[in-house]
Each structure stands twice: as structure tokens, then as C-alpha cells.
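Chemist: Here's a structure for you.
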Amino acid sequence: MKTLLLLAVISAACRAQTDCSLGACYPPSQDLLLGRVQQLRASSTCGLTESEIFCTLYQQRQIKCCPCDSRNPNGQLAHTVQDVLSTSGPERWWQSRKGVTPVNLQLDLNSLFQLDSLVLSFKGPRPGALVIERTLDYGLTWQPALYLATDCQRSFPSIPTSSPLTLEHTYCHPLKLNGDNPNQEQKIDFSPLRQYMFVPASHSQKVEATSGLTGLRVKLTELGDVPQLPGRGLSQFYALKEMRVMGSCMCHGHANRCVPQDSAVQVSPQCDCQHNTAGLNCERCADLYNDLPWRAAEDRNTHSCKRCECNNHAQSCHFDWALFESSGRRSGGVCDNCMHHTTGPNCDRCAPGYQPNPRSRMDRPDACIRCSCSADGTVDGGQCEDSLDSCRCKEKVEGPRCDRCKTGFYGLSASKPAGCSSCSCSPDGSTSGVCDPMTGQCPCRPHFQGRTCDLCSDGYWKPALSKRCEPCGCDPTSSTSDTCDQLTGQCQCRPGFGGRTCTECPEGSYGDPLTGCQPQGVSLEGGVSGPGIRRSCDSDRD
């Protein structure tokens, strides 16, 4: 009965990992190494430059010596790193040079994958110690996933030997002794999740924290022990008969299959994304599904991306944390590039210059129709006040469409708060307070000019208390032109002439400018000379 119950639990767990509707789902595991042998390299390989002789234990008490010559990778005596593939055959294996340690085996995946297990089948003496490492940044940094050693305290004295209780730590797993025959083939089966069985976290959390990798490295740090026999000594080296890197594309629980891309590789990096996710690894929400923040799926929660409410007027949206927080963490989607003359975070309003279509709905392409309101003359930039096409005019604007200035105003413009500027026509110089609605030109009385008719025409001036422009009256002979100062009426006189109209002597002289002006001053007899002044004081005496 217990066996049947256990099988039922295992079967349910397997269904849960392939059925994406129930929560996190994962693609089936296959060999990541197949099709990527060129991305696998070893820091040491026997016989690359010349043939080497290796002596190993044979039938427990005998010694067998064989050459290694890898100069021809396809030769029978070659033992290159490509020979560790599961498809290489039973008589192929990789082998390092004699006595060289440490040796690295490194697989560069060039994309993010999920590692389920690593199977290492060693030939000959198994290493005394090794470290399995992974990288998430394409080899820039490496993190140890597991230490293994025959004697953990001797090989890795600073590494704990007890199973970790958090996902941030690892430990050293003890290897069983080789026994009487060190050449007996032995297998190491590493699973990233197995060492964390005592960590209080869900399966999906463990996958996220420990299984992702863009590269894998096996550091062989300690040569295996070999027995001491009389005569020729036994060789010490590393040899690997088979290496299987079992895993799948990394989809963060949002896919149950990898999309085939290249027939040469068994596992493609492209996920067949579910839960409204997208990207090579389902690492983001699909274009129109960013109303909630992206999250990796969990065992009983798909954390599906939520569609933005764009009323069918947008093809994408983006997530805004500030909006998400302000909504009580319910909605953070902002629609991009609203179409069909709509606007707003949810494309739920008509754009300026458009109004709701009373014969349609907001989620239809014809939801908004063009307003008849002038964008320049309305207080809301052309928005209609309601579905009846009622326009809200600015203060100095009028008309059903708010498209003309009120009487006495001109220059309709969106930049003017009141919509139009005052005509400000001069009451003296204009015949009316109404100006041209486009240019602002006031209708001027005779002899007035300027936009507001506040200036006299050329040849005229306006005395201070007068409401009319008077002729300058400049003397055509003694003045330089027929124009005068607009405020004083002063003409521009030629040299030797003065007065407002240039018909008198200059200031400081007297006489007739036509016959000659005399400077004012004191006469020789001591009197003062000038117009109307007698030359001698004696003339008053009797």
C-alpha cells in the first residue's frame, strides 16, 4: 500500500512539472553536451605533441602499458576530450597527461540552461578530489556547486562536510574508497537539487537558485592513489570515459518544452514560453502583458503575466513600479503608443481634438471621432466637453467651435491663456474699437497710423491737448524734410534757421533769417542789443 501511495505521489509530481496550467513546469531533460563538443575543452590531454606510454594495473597484480597518441584525434590511440560523448563508443575516452594536476574540463554553453544532473564515468584511477563549478556570466566568475573528495578534511579543510541548510552554501561530499582495484570504473552522479534536500524551500525555488548556468567546469584537483608494485611504477593521470550533462533550456518554470532551432544540438536554448511570458528564457512578460511584475513560476502558482487593459488600442505596454505601488500593487501597466486617436495609461480617453463616438464603444477602433472644437480656442486644447460636441471656449474666444476672437480682440492662439489679445485701438486715432481679428490692425482716422492708430502719419504731429494730428508746417526752404517730432512738432532745421517750423532765427540770435540773424549780446556803448531793445541809454534823456 505504501509503495502504491509513493508511486502516486511521484506520478502527480511528474504531471505537475509538465502541466503548465498547475504551476511551474519544466522541459524534459536531455544531454546538453551533444552537438556542443566543440565548446568542451580540457586543460591537459595526453599525446597531443608526442606519443606517451601509460602503465596501469591489469587483473589486480599485473601491469599493462599502452601508448596515447592524440595527434590524430580519430586514431585508435587518441584520447581527446571529444571522446567523452555518450555517442563516442565503449572504447573511447579522454585522458590527461601523466602527473599533471589540477586539470580543468570546461563546457561553454553560450546561453542560459537548466542543469538537472552531471554524470561522470571515470576510467582507471578515479580522482581523489574534484570541484564542480558553474557560471552565470559566461565565465567571468565561477561558483562552486559541489566539492567531492576521498578525504574532505584533507583536500578541502575550509569546506563544511554537512549538508547545507540554505541555498547560498555548498559542502564537500565524501567519495567512497576505490577498494582493492583502483582501475575499476566508477561513476559520479551530481544533481544540483539533491544536496539541498534539507533546505526549507520549494522545488521551484531550488531550481531558480541552483540549476541555472551558462557554463560548467569540473576541476580535477587531486590524482587518485595507485598501488605500489615491484618493477615499473604505475602511471597517475585523469581519465574520463563518459560525460553526460543532463538538462534543458532555462525557462524559469514557464515552459515544458524547448523549441528546436538547430538539428545539430539535442537541446535548444529557446523556450516555448507559456503563462504570457516571452524571451529566450521566458525572462520577461509578453509585449501586452506587463500589468504585473514578471516573476518566475512556483510549484502551485504560475505567476502568469497579466494583460494590460488598453481597450484594444495598443500592441504593447510597459510596467511602471510607481503606478503599481500607487494602485495598491494591483496594476502597473502603461499602454504604449495608443492608437485610434486615444490616450491615457489605458488608452481609455480620446486624444485632444477627438471626442467619444456616441455610436461606438471605447474598446472599438472607431471609439473616438474628431471634435469640431478649435484646439487654439478651447480651454482643454480642443477636447470636447461631452458627447454632444460642446466646446469650452477661452475667455476672449467665442463661436460654437471656439474658433474666433470676441469683438475687440485678435490673434487666436493656443499659447495665449485667454485665447486672444485686446485690440487696444487708440480712441483718438481710430474710428472704432474693433480691429482685424487676424492682424489686430485698427481702422485709423485721417492722418493717423500704426496698428492701434496711436501715431500720426508722416508730416503730422499731435499736440498734447489735441485729439487730432496737425500738419507739421515745416518751411520747405529752411527745413530738411516735411516730417517733425510726433510730440513737439519740431521740424528739422537747416543751419542758420530755428523755430518750430524753421522760419525764425536760431536760438540765441535775432533778426530776419532771410537778411541775416545777429547774435544777442551787449553793445559797445554798454547796452544790450537784441530785437526790441534800444542801443543807447542816452536816448531816454530829455
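Each chain in the C-alpha cells gets a letter, A, B, ..., in the order shown, and its residues are numbered from 1; ligands are numbered from 1 in order too.
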Please list as a PyMOL selection string every residue within 8 Å of segment 331-334 of chain A, counting only C-alpha atoms and excluding residues in the same chain fewer than 4 positions away.

Modeler: chain A and resi 289-293+308-309+317-325+327+345-346

Chemist: Within 10 Å of Lys176 of chain A, counting only C-alpha atoms, which residues show up once you throw out same-chain ones fewer than 4 positions away? Write them as a list in words, please.

Modeler: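 Surrounding residues, per the criterion: Gly128, Ala149, Thr150, Asp151 and Gln186 of chain A.
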
Chemist: I need the residues from that last selection saved to file as a compact mmCIF listing (two decimals), in the first residue's frame (with N, CA and C atoms), if you can.

Modeler:
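In the end it all went to out32.txt:
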# COMPACT_ATOMS: atom_id res chain seq x y z
N GLY A 128 41.13 11.82 -6.61
CA GLY A 128 40.98 11.86 -5.16
C GLY A 128 40.14 13.03 -4.71
N ALA A 149 35.55 14.59 -2.47
CA ALA A 149 36.90 14.14 -2.14
C ALA A 149 36.84 12.84 -1.35
N THR A 150 37.89 12.05 -1.51
CA THR A 150 38.01 10.85 -0.69
C THR A 150 38.20 11.22 0.77
N ASP A 151 38.95 12.29 1.02
CA ASP A 151 39.15 12.80 2.37
C ASP A 151 38.87 14.31 2.33
N GLN A 186 34.38 3.94 -12.15
CA GLN A 186 33.46 4.46 -11.14
C GLN A 186 32.72 5.66 -11.70

Chemist: For Cys258 of chain A, work out the shell of residues within 12 Å, counting only C-alpha atoms and skipping chain neighbours fewer than 6 positions away, then give it as a PyMOL selection string.

Modeler: chain A and resi 25-30+113-114+247-251+265-274+280-282

Chemist: Enumerate as a PyMOL selection string all residues of segment 20-125 of chain A assigned to strand (DSSP E or B) by DSSP on the backbone, naming them with the chain letters and numbers the document uses.

Modeler: chain A and resi 25+30-31+40-42+52-58+62-68+94-95+103-122

Chemist: For Ser121 of chain A, work out the shell of residues within 8 Å, counting only C-alpha atoms and skipping chain neighbours fewer than 3 positions away, then give it as JSON, numbers by chain.

Modeler: {"A": [185, 186, 187, 188, 240, 241, 242, 243]}

Chemist: Between A:Gln315, A:Thr477, A:Ser360, A:Gln184, which residue has the minimum interatomic distance to Thr56 of chain A, considering only C-alpha atoms?

Modeler: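 Ranking A:Gln315, A:Thr477, A:Ser360, A:Gln184 by distance to Thr56 of chain A, first place goes to A:Gln184.
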